[in-house]
Amino acid sequence: MSKHDKKLDQAARAAWMYYVAGETQQDIADKLGVSRQVAQRLVSLAVEQGLVSVSITHPVADCMTLAGQLKARFDLQLCQVVPSAGIEASGLQQMIAVAGAEVMAQTLKLEEPQIIAVGSGRTLRATIDELPEFDRPQHSCVSLIGAIASDGSCTRYDVPLWMAEKTQGRYFILPAPLYADSTEDRDLWCNHRIYRTVTEEAEKADVMFVGIGHVSAGCPLNADGFISDEQVRRLESLHVAAEMLGHFIGQDGQRLRSELDDRLTSVELTASTQRKVIAFAGGSDKHQAIFAALRGRWITGLITDEESARFALAQPD
């Protein structure tokens with residue numbers, strides 16, 4: 001790589017930090033190891049070279065390389081990696097959201113009616129928040145997961161509704177709690193006519209947008225009341241690595257069977273899927289979870305950060 005290209009890469013990284021992650025010029029200087037004046041010039045260079053418009057059009061070369069390596073190793077159809085070195089968690093989520101929104105928009109812009117199946121989670125919600133509004137009432141948005149906790153409350157991250165509002169399209173809610181109180185209770189929920197109608201619609205989805213969760217004390221699934229502290233401890237003892245739509249995945253990338261399986265009401269996920277399943281996840285607390293989802297071939301597309309990408313690529317098969 002030429003000296004000019006390296007400078008452009010550094011300018012692009014500074015632009016990501018400044019315009020997307022909301023970092024100050026002093027923050028950028030500290031994290032890139034340069035003076036504040038140099039950081040200011042890098043941001044200015046990004047603007048002068050046309051790298052900054054509505055979005056940053058010059059990808060950081062390392063991130064492009066990492067994305068290509070992830071695609072090749074884990075059989076991904078789509079992959080985008082955003083810069084993450086030294087960036088705080090909130091800024092990192094925002095960067096993934098901006099990149100993810102561009103990916104989502106490729107489907108939402110289509111004139112042909114699309115069925116879009118959506119999971120839940122903070123990163124997915126942040127990504128949908130970054131979407132512009134589309135006049136696409138012909139599209140349908142289908143929930144893949146019940147948003148009701150055991151106490152009857154609804155999660156704040158009922159993201160399919162937010163996407164439907166962005167497109168002005170129809171919204172199909174999955175009318176069930178994520179985990180029913182018992183196997184018999186699950187059968188009652190899942191045999192309801194509306195439940196079957198919604199899950200049949202989800203099976204026809206053109207694309208599925210999902211998050212990748214981790215499981216530990218205080219994780220969103222625990223904090224939002226879907227699983228108890230004791231259930232978290234039992235899952236950790238089984239070496240859980242990831243959670244997707246209420247399905248638990250072990251460190252080997254395989255489905256981890258637990259007591260909760262017989263009560264799960266969300267749409268079934270399958271490994272080595274031929275469906276278009278695009279995940280949005282990043283950050284150090286998600287490293288193991290992202291790798292497990294990749295290792296088990298649970299997804300066909302991924303929007304993540306460079307440190308998560310490097311972690312996944314460093315793991316042995």
# chains A, B, ... in the order shown; residues from 1 in each chain; ligands from 1
>>> select_by_dssp(residues="stretch 87-160 of chain A", states="strand (DSSP E)", output="PyMOL selection string")
chain A and resi 115-118+140-143
>>> select_by_dssp(residues="stretch 95-308 of chain A", states="helix (DSSP H, G or I)", output="VMD selection string")
chain A and resid 95 to 108 122 to 129 159 to 167 183 to 190 193 to 203 220 to 223 229 to 237 261 to 263 284 to 295 306 to 308
>>> closest_residue(among="A:Asp9, A:Asp206, A:Asp62, A:Asp185", to="A:Leu42", atoms="only C-alpha atoms")
A:Asp9
>>> residues_around(residues="A:Asn222", least_positions_apart="4", cutoff="12 Å", atoms="only C-alpha atoms", output="list in words")
Ala149, Ser150, Thr155, Gly213, His214, Val215, Ser216, Ala217, Gly218, Phe226, Ile227, Ser228, Asp229, Glu230, Gln231, Val232, Arg233, Leu235, Glu243 and Gly246 of chain A
>>> closest_residue(among="A:Trp16, A:Phe209, A:Trp298, A:Phe311", to="A:Phe280", atoms="only C-alpha atoms")
A:Phe209
>>> residues_around(residues="stretch 84-97 of chain A", least_positions_apart="6", cutoff="10 Å", atoms="only C-alpha atoms", output="PyMOL selection string")
chain A and resi 13+16-23+27-28+30-32+63+103+122-131+280-285+303-308
>>> closest_residue(among="A:Leu221, A:Val142, A:Ile148, A:Ala289", to="A:Trp162", atoms="only C-alpha atoms")
A:Val142
>>> residues_around(residues="A:His4", least_positions_apart="5", cutoff="12 Å", atoms="only C-alpha atoms", output="PyMOL selection string")
chain A and resi 9-11+45+49
>>> closest_residue(among="A:Met244, A:Leu264, A:Ala271, A:Val159", to="A:Pro177", atoms="only C-alpha atoms")
A:Leu264
